[in-house]
file structure.tsv (TSV, N, CA and C atoms)
chain	number	residue	atom	x	y	z
A	121	MET	N	-14.67	40.33	-19.56
A	121	MET	CA	-15.07	39.65	-18.35
A	121	MET	C	-13.95	38.74	-17.84
A	122	LEU	N	-13.30	37.96	-18.74
A	122	LEU	CA	-12.18	37.10	-18.34
A	122	LEU	C	-11.01	37.92	-17.81
A	123	LYS	N	-10.80	39.07	-18.48
A	123	LYS	CA	-9.70	39.93	-18.04
A	123	LYS	C	-9.95	40.40	-16.61
A	124	LYS	N	-11.17	40.74	-16.30
A	124	LYS	CA	-11.51	41.21	-14.96
A	124	LYS	C	-11.37	40.06	-13.95
A	125	PHE	N	-11.79	38.84	-14.36
A	125	PHE	CA	-11.71	37.67	-13.47
A	125	PHE	C	-10.26	37.34	-13.11
A	126	PHE	N	-9.39	37.31	-14.11
A	126	PHE	CA	-8.00	36.94	-13.87
A	126	PHE	C	-7.20	38.04	-13.19
A	127	SER	N	-7.70	39.24	-13.20
A	127	SER	CA	-6.98	40.31	-12.50
A	127	SER	C	-7.42	40.40	-11.04
A	128	SER	N	-8.46	39.69	-10.66
A	128	SER	CA	-8.94	39.77	-9.28
A	128	SER	C	-8.14	38.84	-8.36
A	129	LYS	N	-8.26	39.09	-7.05
A	129	LYS	CA	-7.58	38.29	-6.04
A	129	LYS	C	-8.14	36.87	-6.00
A	130	GLY	N	-9.44	36.71	-6.23
A	130	GLY	CA	-10.10	35.40	-6.22
A	130	GLY	C	-9.53	34.48	-7.29
A	131	ALA	N	-9.15	35.03	-8.40
A	131	ALA	CA	-8.60	34.23	-9.48
A	131	ALA	C	-7.25	33.66	-9.08
A	132	CYS	N	-6.48	34.44	-8.35
A	132	CYS	CA	-5.17	33.95	-7.89
A	132	CYS	C	-5.36	32.74	-6.97
A	133	TYR	N	-6.35	32.85	-6.06
A	133	TYR	CA	-6.64	31.72	-5.17
A	133	TYR	C	-7.13	30.51	-5.96
A	134	PHE	N	-7.95	30.76	-6.97
A	134	PHE	CA	-8.47	29.67	-7.80
A	134	PHE	C	-7.33	28.95	-8.52
A	135	VAL	N	-6.44	29.70	-9.13
A	135	VAL	CA	-5.32	29.11	-9.85
A	135	VAL	C	-4.41	28.36	-8.88
A	136	PHE	N	-4.16	28.91	-7.71
A	136	PHE	CA	-3.33	28.26	-6.72
A	136	PHE	C	-3.97	26.95	-6.26
A	137	ALA	N	-5.28	26.97	-6.00
A	137	ALA	CA	-6.00	25.76	-5.57
A	137	ALA	C	-5.98	24.71	-6.67
A	138	LEU	N	-6.15	25.13	-7.90
A	138	LEU	CA	-6.11	24.19	-9.02
A	138	LEU	C	-4.73	23.56	-9.16
A	139	ALA	N	-3.69	24.35	-9.04
A	139	ALA	CA	-2.32	23.83	-9.14
A	139	ALA	C	-2.02	22.88	-7.99
A	140	ALA	N	-2.46	23.22	-6.79
A	140	ALA	CA	-2.23	22.35	-5.63
A	140	ALA	C	-2.97	21.03	-5.80
A	141	GLY	N	-4.20	21.10	-6.30
A	141	GLY	CA	-4.98	19.87	-6.53
A	141	GLY	C	-4.32	18.98	-7.56
A	142	LEU	N	-3.84	19.54	-8.64
A	142	LEU	CA	-3.15	18.76	-9.67
A	142	LEU	C	-1.86	18.15	-9.13
A	143	ALA	N	-1.14	18.90	-8.32
A	143	ALA	CA	0.09	18.38	-7.72
A	143	ALA	C	-0.22	17.19	-6.82
A	144	LEU	N	-1.27	17.29	-6.04
A	144	LEU	CA	-1.66	16.18	-5.17
A	144	LEU	C	-2.07	14.95	-5.98
A	145	LEU	N	-2.76	15.17	-7.09
A	145	LEU	CA	-3.14	14.04	-7.95
A	145	LEU	C	-1.91	13.32	-8.50
A	146	PHE	N	-0.95	14.09	-8.95
A	146	PHE	CA	0.27	13.47	-9.49
A	146	PHE	C	1.06	12.74	-8.41
A	147	ILE	N	1.15	13.33	-7.23
A	147	ILE	CA	1.88	12.72	-6.13
A	147	ILE	C	1.21	11.42	-5.70
A	148	SER	N	-0.12	11.42	-5.65
A	148	SER	CA	-0.85	10.23	-5.18
A	148	SER	C	-0.98	9.16	-6.25
A	149	GLY	N	-0.54	9.42	-7.45
A	149	GLY	CA	-0.59	8.41	-8.50
A	149	GLY	C	-1.79	8.56	-9.42
A	150	GLY	N	-2.53	9.60	-9.28
A	150	GLY	CA	-3.68	9.82	-10.15
A	150	GLY	C	-3.24	10.33	-11.50
A	151	LEU	N	-4.19	10.56	-12.38
A	151	LEU	CA	-3.95	11.06	-13.73
A	151	LEU	C	-2.86	10.28	-14.46
A	152	ASN	N	-3.09	9.02	-14.65
A	152	ASN	CA	-2.20	8.10	-15.37
A	152	ASN	C	-0.89	7.82	-14.66
A	153	GLY	N	-0.73	8.31	-13.44
A	153	GLY	CA	0.44	7.99	-12.65
A	153	GLY	C	0.29	6.66	-11.94
A	154	ASP	N	-0.94	6.15	-11.89
A	154	ASP	CA	-1.22	4.87	-11.22
A	154	ASP	C	-0.78	3.74	-12.14
A	155	LYS	N	0.11	2.92	-11.67
A	155	LYS	CA	0.64	1.83	-12.48
A	155	LYS	C	0.03	0.50	-12.07
A	156	SER	N	-1.22	0.52	-11.58
A	156	SER	CA	-1.84	-0.71	-11.07
A	156	SER	C	-2.11	-1.72	-12.18
A	157	ASP	N	-2.12	-1.27	-13.44
A	157	ASP	CA	-2.35	-2.20	-14.54
A	157	ASP	C	-1.09	-2.97	-14.91
A	158	SER	N	0.05	-2.53	-14.43
A	158	SER	CA	1.31	-3.19	-14.73
A	158	SER	C	1.43	-4.49	-13.95
A	159	PRO	N	1.75	-5.60	-14.63
A	159	PRO	CA	1.87	-6.87	-13.91
A	159	PRO	C	3.04	-6.90	-12.95
A	160	TYR	N	3.98	-5.97	-13.10
A	160	TYR	CA	5.16	-5.96	-12.25
A	160	TYR	C	4.97	-5.12	-10.99
A	161	SER	N	3.94	-4.27	-10.97
A	161	SER	CA	3.78	-3.39	-9.83
A	161	SER	C	2.92	-3.98	-8.73
A	162	GLN	N	2.13	-5.00	-9.05
A	162	GLN	CA	1.25	-5.57	-8.05
A	162	GLN	C	1.77	-6.93	-7.60
A	163	VAL	N	1.78	-7.12	-6.32
A	163	VAL	CA	2.14	-8.40	-5.74
A	163	VAL	C	0.85	-9.03	-5.25
A	164	THR	N	0.60	-10.26	-5.66
A	164	THR	CA	-0.62	-10.91	-5.22
A	164	THR	C	-0.56	-11.18	-3.73
A	165	GLU	N	-1.73	-11.41	-3.14
A	165	GLU	CA	-1.77	-11.70	-1.71
A	165	GLU	C	-0.94	-12.93	-1.38
A	166	LEU	N	-1.04	-13.95	-2.22
A	166	LEU	CA	-0.29	-15.19	-1.99
A	166	LEU	C	1.20	-14.91	-2.01
A	167	GLU	N	1.66	-14.13	-2.99
A	167	GLU	CA	3.08	-13.79	-3.06
A	167	GLU	C	3.52	-12.98	-1.84
A	168	GLU	N	2.66	-12.09	-1.39
A	168	GLU	CA	2.97	-11.30	-0.21
A	168	GLU	C	3.13	-12.19	1.02
A	169	TYR	N	2.23	-13.17	1.18
A	169	TYR	CA	2.32	-14.09	2.31
A	169	TYR	C	3.59	-14.93	2.21
A	170	GLU	N	3.93	-15.38	1.00
A	170	GLU	CA	5.14	-16.19	0.82
A	170	GLU	C	6.39	-15.38	1.14
A	171	ILE	N	6.40	-14.13	0.75
A	171	ILE	CA	7.53	-13.25	1.06
A	171	ILE	C	7.64	-13.07	2.57
A	172	CYS	N	6.51	-12.85	3.21
A	172	CYS	CA	6.48	-12.66	4.66
A	172	CYS	C	6.94	-13.94	5.37
A	173	GLU	N	6.48	-15.10	4.90
A	173	GLU	CA	6.90	-16.39	5.49
A	173	GLU	C	8.40	-16.56	5.36
A	174	SER	N	8.91	-16.31	4.16
A	174	SER	CA	10.33	-16.49	3.90
A	174	SER	C	11.18	-15.57	4.80
A	175	ARG	N	10.75	-14.32	4.93
A	175	ARG	CA	11.49	-13.39	5.79
A	175	ARG	C	11.45	-13.83	7.24
A	176	SER	N	10.28	-14.31	7.68
A	176	SER	CA	10.15	-14.78	9.06
A	176	SER	C	11.03	-15.99	9.31
A	177	GLU	N	11.04	-16.93	8.36
A	177	GLU	CA	11.88	-18.12	8.49
A	177	GLU	C	13.36	-17.73	8.59
A	178	LYS	N	13.79	-16.83	7.72
A	178	LYS	CA	15.20	-16.39	7.73
A	178	LYS	C	15.55	-15.69	9.03
A	179	LYS	N	14.64	-14.86	9.52
A	179	LYS	CA	14.92	-14.13	10.76
A	179	LYS	C	15.05	-15.10	11.94
A	180	ILE	N	14.16	-16.10	12.01
A	180	ILE	CA	14.25	-17.09	13.08
A	180	ILE	C	15.53	-17.91	12.94
A	181	GLU	N	15.90	-18.27	11.72
A	181	GLU	CA	17.15	-19.00	11.51
A	181	GLU	C	18.34	-18.19	12.03
A	182	GLU	N	18.34	-16.89	11.76
A	182	GLU	CA	19.42	-16.02	12.26
A	182	GLU	C	19.44	-16.00	13.79
A	183	MET	N	18.27	-15.90	14.37
A	183	MET	CA	18.19	-15.86	15.83
A	183	MET	C	18.64	-17.19	16.44
A	184	LEU	N	18.25	-18.29	15.82
A	184	LEU	CA	18.63	-19.60	16.35
A	184	LEU	C	20.14	-19.82	16.30
A	185	THR	N	20.76	-19.40	15.19
A	185	THR	CA	22.21	-19.60	15.09
A	185	THR	C	22.98	-18.69	16.04
A	186	ALA	N	22.30	-17.70	16.59
A	186	ALA	CA	22.93	-16.85	17.61
A	186	ALA	C	22.95	-17.54	18.97
A	187	LEU	N	22.14	-18.59	19.13
A	187	LEU	CA	22.14	-19.33	20.39
A	187	LEU	C	23.43	-20.14	20.53
A	188	ASN	N	23.97	-20.17	21.71
A	188	ASN	CA	25.14	-20.98	21.99
A	188	ASN	C	24.72	-22.45	21.90
A	189	GLY	N	25.37	-23.23	21.03
A	189	GLY	CA	25.04	-24.63	20.86
A	189	GLY	C	24.32	-24.93	19.56
A	190	VAL	N	23.99	-23.88	18.78
A	190	VAL	CA	23.34	-24.07	17.47
A	190	VAL	C	24.26	-23.47	16.41
A	191	SER	N	24.75	-24.34	15.51
A	191	SER	CA	25.66	-23.83	14.46
A	191	SER	C	24.91	-23.46	13.19
A	192	SER	N	23.82	-24.15	12.88
A	192	SER	CA	22.99	-23.81	11.72
A	192	SER	C	21.57	-24.28	11.99
A	193	ALA	N	20.63	-23.71	11.25
A	193	ALA	CA	19.23	-24.08	11.45
A	193	ALA	C	18.44	-23.88	10.18
A	194	GLN	N	17.43	-24.71	10.00
A	194	GLN	CA	16.47	-24.57	8.92
A	194	GLN	C	15.09	-24.51	9.58
A	195	VAL	N	14.27	-23.58	9.12
A	195	VAL	CA	12.96	-23.36	9.73
A	195	VAL	C	11.90	-23.44	8.63
A	196	LEU	N	10.80	-24.11	8.95
A	196	LEU	CA	9.65	-24.19	8.05
A	196	LEU	C	8.42	-23.73	8.82
A	197	LEU	N	7.75	-22.71	8.28
A	197	LEU	CA	6.51	-22.22	8.87
A	197	LEU	C	5.32	-22.84	8.15
A	198	THR	N	4.31	-23.17	8.90
A	198	THR	CA	3.04	-23.58	8.33
A	198	THR	C	2.02	-22.55	8.79
A	199	VAL	N	1.31	-21.94	7.84
A	199	VAL	CA	0.37	-20.88	8.19
A	199	VAL	C	-1.05	-21.25	7.78
A	200	ASN	N	-2.00	-20.72	8.54
A	200	ASN	CA	-3.41	-20.82	8.17
A	200	ASN	C	-3.70	-19.75	7.15
A	201	GLU	N	-4.69	-19.99	6.32
A	201	GLU	CA	-5.10	-18.94	5.39
A	201	GLU	C	-5.71	-17.80	6.18
A	202	ALA	N	-5.61	-16.62	5.62
A	202	ALA	CA	-6.20	-15.46	6.28
A	202	ALA	C	-7.71	-15.63	6.33
A	203	PRO	N	-8.34	-15.35	7.47
A	203	PRO	CA	-9.78	-15.55	7.60
A	203	PRO	C	-10.59	-14.63	6.69
A	204	GLU	N	-10.06	-13.48	6.35
A	204	GLU	CA	-10.74	-12.56	5.46
A	204	GLU	C	-9.71	-11.81	4.66
A	205	LYS	N	-10.14	-11.27	3.54
A	205	LYS	CA	-9.22	-10.55	2.66
A	205	LYS	C	-8.59	-9.37	3.40
A	206	GLY	N	-7.32	-9.23	3.26
A	206	GLY	CA	-6.60	-8.14	3.89
A	206	GLY	C	-6.06	-8.49	5.27
A	207	ALA	N	-6.56	-9.58	5.86
A	207	ALA	CA	-6.08	-9.99	7.18
A	207	ALA	C	-4.81	-10.81	7.01
A	208	ARG	N	-4.00	-10.85	8.03
A	208	ARG	CA	-2.77	-11.61	7.98
A	208	ARG	C	-3.03	-13.05	8.38
A	209	PRO	N	-2.37	-13.98	7.72
A	209	PRO	CA	-2.54	-15.38	8.13
A	209	PRO	C	-1.84	-15.63	9.47
A	210	SER	N	-2.29	-16.62	10.19
A	210	SER	CA	-1.67	-16.93	11.48
A	210	SER	C	-0.76	-18.15	11.34
A	211	VAL	N	0.25	-18.21	12.18
A	211	VAL	CA	1.18	-19.33	12.16
A	211	VAL	C	0.50	-20.52	12.82
A	212	ARG	N	0.46	-21.63	12.09
A	212	ARG	CA	-0.17	-22.85	12.60
A	212	ARG	C	0.85	-23.76	13.27
A	213	GLY	N	2.07	-23.78	12.73
A	213	GLY	CA	3.11	-24.61	13.29
A	213	GLY	C	4.47	-24.25	12.74
A	214	VAL	N	5.51	-24.71	13.44
A	214	VAL	CA	6.89	-24.43	13.04
A	214	VAL	C	7.72	-25.69	13.22
A	215	SER	N	8.50	-26.02	12.20
A	215	SER	CA	9.46	-27.13	12.28
A	215	SER	C	10.87	-26.55	12.22
A	216	VAL	N	11.73	-27.06	13.10
A	216	VAL	CA	13.11	-26.58	13.16
A	216	VAL	C	14.04	-27.78	13.11
A	217	ILE	N	14.96	-27.75	12.15
A	217	ILE	CA	16.04	-28.73	12.09
A	217	ILE	C	17.33	-27.94	12.29
A	218	TYR	N	18.13	-28.36	13.26
A	218	TYR	CA	19.34	-27.59	13.55
A	218	TYR	C	20.55	-28.52	13.67
A	219	SER	N	21.72	-27.93	13.52
A	219	SER	CA	22.99	-28.61	13.77
A	219	SER	C	23.59	-28.00	15.02
A	220	GLY	N	24.16	-28.86	15.85
A	220	GLY	CA	24.77	-28.37	17.07
A	220	GLY	C	24.60	-29.37	18.18
A	221	SER	N	24.51	-28.87	19.39
A	221	SER	CA	24.38	-29.74	20.57
A	221	SER	C	22.98	-30.36	20.61
A	222	ASP	N	22.95	-31.68	20.69
A	222	ASP	CA	21.67	-32.39	20.75
A	222	ASP	C	21.29	-32.61	22.22
A	223	THR	N	20.95	-31.49	22.90
A	223	THR	CA	20.59	-31.59	24.31
A	223	THR	C	19.18	-31.06	24.51
A	224	SER	N	18.56	-31.50	25.58
A	224	SER	CA	17.21	-31.03	25.88
A	224	SER	C	17.20	-29.54	26.21
A	225	ASP	N	18.30	-29.04	26.77
A	225	ASP	CA	18.40	-27.62	27.09
A	225	ASP	C	18.34	-26.76	25.82
A	226	ILE	N	19.09	-27.16	24.79
A	226	ILE	CA	19.09	-26.42	23.51
A	226	ILE	C	17.70	-26.51	22.87
A	227	LYS	N	17.11	-27.70	22.87
A	227	LYS	CA	15.78	-27.87	22.27
A	227	LYS	C	14.74	-27.01	23.00
A	228	LEU	N	14.86	-26.90	24.30
A	228	LEU	CA	13.94	-26.06	25.07
A	228	LEU	C	14.13	-24.59	24.71
A	229	LYS	N	15.38	-24.15	24.59
A	229	LYS	CA	15.66	-22.76	24.21
A	229	LYS	C	15.08	-22.44	22.83
A	230	ILE	N	15.27	-23.38	21.90
A	230	ILE	CA	14.73	-23.19	20.54
A	230	ILE	C	13.21	-23.10	20.59
A	231	THR	N	12.59	-24.01	21.33
A	231	THR	CA	11.14	-24.02	21.44
A	231	THR	C	10.62	-22.73	22.06
A	232	MET	N	11.27	-22.26	23.10
A	232	MET	CA	10.86	-21.01	23.76
A	232	MET	C	11.02	-19.81	22.82
A	233	LEU	N	12.12	-19.77	22.09
A	233	LEU	CA	12.36	-18.68	21.15
A	233	LEU	C	11.27	-18.64	20.09
A	234	VAL	N	10.98	-19.79	19.48
A	234	VAL	CA	9.98	-19.86	18.41
A	234	VAL	C	8.59	-19.55	18.97
A	235	SER	N	8.28	-20.10	20.13
A	235	SER	CA	6.98	-19.86	20.76
A	235	SER	C	6.75	-18.38	21.02
A	236	THR	N	7.76	-17.73	21.54
A	236	THR	CA	7.66	-16.30	21.84
A	236	THR	C	7.58	-15.47	20.56
A	237	ALA	N	8.38	-15.82	19.57
A	237	ALA	CA	8.42	-15.05	18.32
A	237	ALA	C	7.09	-15.08	17.57
A	238	PHE	N	6.43	-16.23	17.57
A	238	PHE	CA	5.20	-16.37	16.79
A	238	PHE	C	3.93	-16.42	17.63
A	239	GLY	N	4.07	-16.41	18.94
A	239	GLY	CA	2.90	-16.43	19.79
A	239	GLY	C	2.10	-17.72	19.69
A	240	ILE	N	2.83	-18.85	19.59
A	240	ILE	CA	2.17	-20.15	19.51
A	240	ILE	C	2.61	-21.02	20.68
A	241	THR	N	1.84	-22.05	20.96
A	241	THR	CA	2.18	-22.95	22.06
A	241	THR	C	3.22	-23.96	21.61
A	242	SER	N	3.91	-24.55	22.57
A	242	SER	CA	5.02	-25.45	22.27
A	242	SER	C	4.58	-26.73	21.55
A	243	ASP	N	3.29	-27.11	21.70
A	243	ASP	CA	2.83	-28.31	21.00
A	243	ASP	C	2.72	-28.11	19.49
A	244	LYS	N	2.88	-26.88	19.03
A	244	LYS	CA	2.85	-26.58	17.60
A	244	LYS	C	4.25	-26.40	17.02
A	245	ILE	N	5.25	-26.76	17.80
A	245	ILE	CA	6.65	-26.60	17.39
A	245	ILE	C	7.34	-27.96	17.45
A	246	TYR	N	8.02	-28.28	16.34
A	246	TYR	CA	8.80	-29.53	16.29
A	246	TYR	C	10.26	-29.14	16.12
A	247	VAL	N	11.11	-29.66	17.00
A	247	VAL	CA	12.54	-29.36	16.98
A	247	VAL	C	13.32	-30.66	16.95
A	248	THR	N	14.26	-30.76	16.01
A	248	THR	CA	15.14	-31.93	15.96
A	248	THR	C	16.54	-31.51	15.52
A	249	CYS	N	17.51	-32.31	15.98
A	249	CYS	CA	18.91	-32.06	15.63
A	249	CYS	C	19.26	-32.96	14.45
A	250	LYS	N	20.12	-32.48	13.55
A	250	LYS	CA	20.57	-33.29	12.41
A	250	LYS	C	21.41	-34.44	12.88
call {"tool": "encode", "arguments": {"input": "structure.tsv", "output": "structure tokens"}}
result
Amino acid sequence: MLKKFFSSKGACYFVFALAAGLALLFISGGLNGDKSDSPYSQVTELEEYEICESRSEKKIEEMLTALNGVSSAQVLLTVNEAPEKGARPSVRGVSVIYSGSDTSDIKLKITMLVSTAFGITSDKIYVTCK
């Protein structure tokens, strides 16, 4: 009976489907390929937010130093906690300390850049020159 089953066309399809299913399991991390138990493979939500904050701060610092009149800048983001799990936290405020021209024009440019980048109003942004 097995000999007849494996010699039929249906058996070829069955073996092909089984092989494809196993390949998909391995590719997706199933069958012991999932390393979710490893402490090094998972980043906690808090760590993910901190990484995102740090990258955002660095990117804004780079953009600010590209402005004519700003030689260096330090940025601090303050964020609200995410309202629900999986949601992104929102920016509550931004502080900017920069070196360069201490003019109202430069401060306005910095405020506008930060406001546009984070979608916040200017009253949530503090800018000062060293």
call {"tool": "closest_residue", "arguments": {"input": "structure.tsv", "among": "A:Leu197, A:Gly239, A:Thr185, A:Lys244", "to": "Ile171 in chain A", "atoms": "only C-alpha atoms"}}
result
A:Leu197
call {"tool": "closest_residue", "arguments": {"input": "structure.tsv", "among": "A:Ile226, A:Val234, A:Ile217, A:Val190", "to": "Thr248 in chain A", "atoms": "all atoms listed in the file"}}
result
A:Ile217
call {"tool": "atom_distance", "arguments": {"input": "structure.tsv", "atom1": "CA of Met183 in chain A", "atom2": "CA of Ala237 in chain A"}}
result
10.1 Å
call {"tool": "select_by_dssp", "arguments": {"input": "structure.tsv", "residues": "range 150-224 of chain A", "states": "helix (DSSP H, G or I)", "output": "PyMOL selection string"}}
result
chain A and resi 165-185+224
call {"tool": "closest_residue", "arguments": {"input": "structure.tsv", "among": "A:Ile230, A:Cys249, A:Val216, A:Cys172", "to": "Val195 in chain A", "atoms": "all atoms listed in the file"}}
result
A:Val216
call {"tool": "residues_near_point", "arguments": {"input": "structure.tsv", "point": "(7.4, -28.2, 13.7)", "cutoff": "6 Å", "atoms": "only C-alpha atoms", "output": "short mmCIF file (atom, residue, chain, number, x, y, z; two decimals) with N, CA and C atoms, keeping the file's coordinate frame"}}
result
data_model
loop_
_atom_site.label_atom_id
_atom_site.label_comp_id
_atom_site.auth_asym_id
_atom_site.auth_seq_id
_atom_site.Cartn_x
_atom_site.Cartn_y
_atom_site.Cartn_z
N GLY A 213 2.07 -23.78 12.73
CA GLY A 213 3.11 -24.61 13.29
C GLY A 213 4.47 -24.25 12.74
N VAL A 214 5.51 -24.71 13.44
CA VAL A 214 6.89 -24.43 13.04
C VAL A 214 7.72 -25.69 13.22
N SER A 215 8.50 -26.02 12.20
CA SER A 215 9.46 -27.13 12.28
C SER A 215 10.87 -26.55 12.22
N VAL A 216 11.73 -27.06 13.10
CA VAL A 216 13.11 -26.58 13.16
C VAL A 216 14.04 -27.78 13.11
N ILE A 245 5.25 -26.76 17.80
CA ILE A 245 6.65 -26.60 17.39
C ILE A 245 7.34 -27.96 17.45
N TYR A 246 8.02 -28.28 16.34
CA TYR A 246 8.80 -29.53 16.29
C TYR A 246 10.26 -29.14 16.12
#
call {"tool": "axis_aligned_box", "arguments": {"input": "structure.tsv", "around": "range 211-218 of chain A", "padding_each_side": "8 Å", "output": "lines of an AutoDock Vina configuration file"}}
result
center_x = 10.2
center_y = -23.5
center_z = 12.9
size_x = 36.7
size_y = 26.5
size_z = 17.6
call {"tool": "select_by_dssp", "arguments": {"input": "structure.tsv", "residues": "range 150-229 of chain A", "states": "strand (DSSP E)", "output": "list in words"}}
result
Val190, Ser191, Ser192, Ala193, Gln194, Val195, Leu196, Leu197, Thr198, Val199, Val211, Arg212, Gly213, Val214, Ser215, Val216, Ile217, Tyr218, Ser219 and Gly220 of chain A
call {"tool": "write_last_selection", "arguments": {"input": "structure.tsv", "atoms": "N, CA and C atoms", "output": "short mmCIF file (atom, residue, chain, number, x, y, z; two decimals), in the coordinates of the input"}}
result
data_model
loop_
_atom_site.label_atom_id
_atom_site.label_comp_id
_atom_site.auth_asym_id
_atom_site.auth_seq_id
_atom_site.Cartn_x
_atom_site.Cartn_y
_atom_site.Cartn_z
N VAL A 190 23.99 -23.88 18.78
CA VAL A 190 23.34 -24.07 17.47
C VAL A 190 24.26 -23.47 16.41
N SER A 191 24.75 -24.34 15.51
CA SER A 191 25.66 -23.83 14.46
C SER A 191 24.91 -23.46 13.19
N SER A 192 23.82 -24.15 12.88
CA SER A 192 22.99 -23.81 11.72
C SER A 192 21.57 -24.28 11.99
N ALA A 193 20.63 -23.71 11.25
CA ALA A 193 19.23 -24.08 11.45
C ALA A 193 18.44 -23.88 10.18
N GLN A 194 17.43 -24.71 10.00
CA GLN A 194 16.47 -24.57 8.92
C GLN A 194 15.09 -24.51 9.58
N VAL A 195 14.27 -23.58 9.12
CA VAL A 195 12.96 -23.36 9.73
C VAL A 195 11.90 -23.44 8.63
N LEU A 196 10.80 -24.11 8.95
CA LEU A 196 9.65 -24.19 8.05
C LEU A 196 8.42 -23.73 8.82
N LEU A 197 7.75 -22.71 8.28
CA LEU A 197 6.51 -22.22 8.87
C LEU A 197 5.32 -22.84 8.15
N THR A 198 4.31 -23.17 8.90
CA THR A 198 3.04 -23.58 8.33
C THR A 198 2.02 -22.55 8.79
N VAL A 199 1.31 -21.94 7.84
CA VAL A 199 0.37 -20.88 8.19
C VAL A 199 -1.05 -21.25 7.78
N VAL A 211 0.25 -18.21 12.18
CA VAL A 211 1.18 -19.33 12.16
C VAL A 211 0.50 -20.52 12.82
N ARG A 212 0.46 -21.63 12.09
CA ARG A 212 -0.17 -22.85 12.60
C ARG A 212 0.85 -23.76 13.27
N GLY A 213 2.07 -23.78 12.73
CA GLY A 213 3.11 -24.61 13.29
C GLY A 213 4.47 -24.25 12.74
N VAL A 214 5.51 -24.71 13.44
CA VAL A 214 6.89 -24.43 13.04
C VAL A 214 7.72 -25.69 13.22
N SER A 215 8.50 -26.02 12.20
CA SER A 215 9.46 -27.13 12.28
C SER A 215 10.87 -26.55 12.22
N VAL A 216 11.73 -27.06 13.10
CA VAL A 216 13.11 -26.58 13.16
C VAL A 216 14.04 -27.78 13.11
N ILE A 217 14.96 -27.75 12.15
CA ILE A 217 16.04 -28.73 12.09
C ILE A 217 17.33 -27.94 12.29
N TYR A 218 18.13 -28.36 13.26
CA TYR A 218 19.34 -27.59 13.55
C TYR A 218 20.55 -28.52 13.67
N SER A 219 21.72 -27.93 13.52
CA SER A 219 22.99 -28.61 13.77
C SER A 219 23.59 -28.00 15.02
N GLY A 220 24.16 -28.86 15.85
CA GLY A 220 24.77 -28.37 17.07
C GLY A 220 24.60 -29.37 18.18
#
call {"tool": "atom_distance", "arguments": {"input": "structure.tsv", "atom1": "CA of Glu168 in chain A", "atom2": "atom N of Ala186 in chain A"}}
result
26.4 Å
call {"tool": "residues_around", "arguments": {"input": "structure.tsv", "residues": "Arg212 in chain A", "least_positions_apart": "6", "cutoff": "8 Å", "atoms": "all atoms listed in the file", "output": "list in words"}}
result
Leu197, Thr198, Val199, Asn200, Glu201, Ile240, Thr241, Asp243, Lys244 and Ile245 of chain A
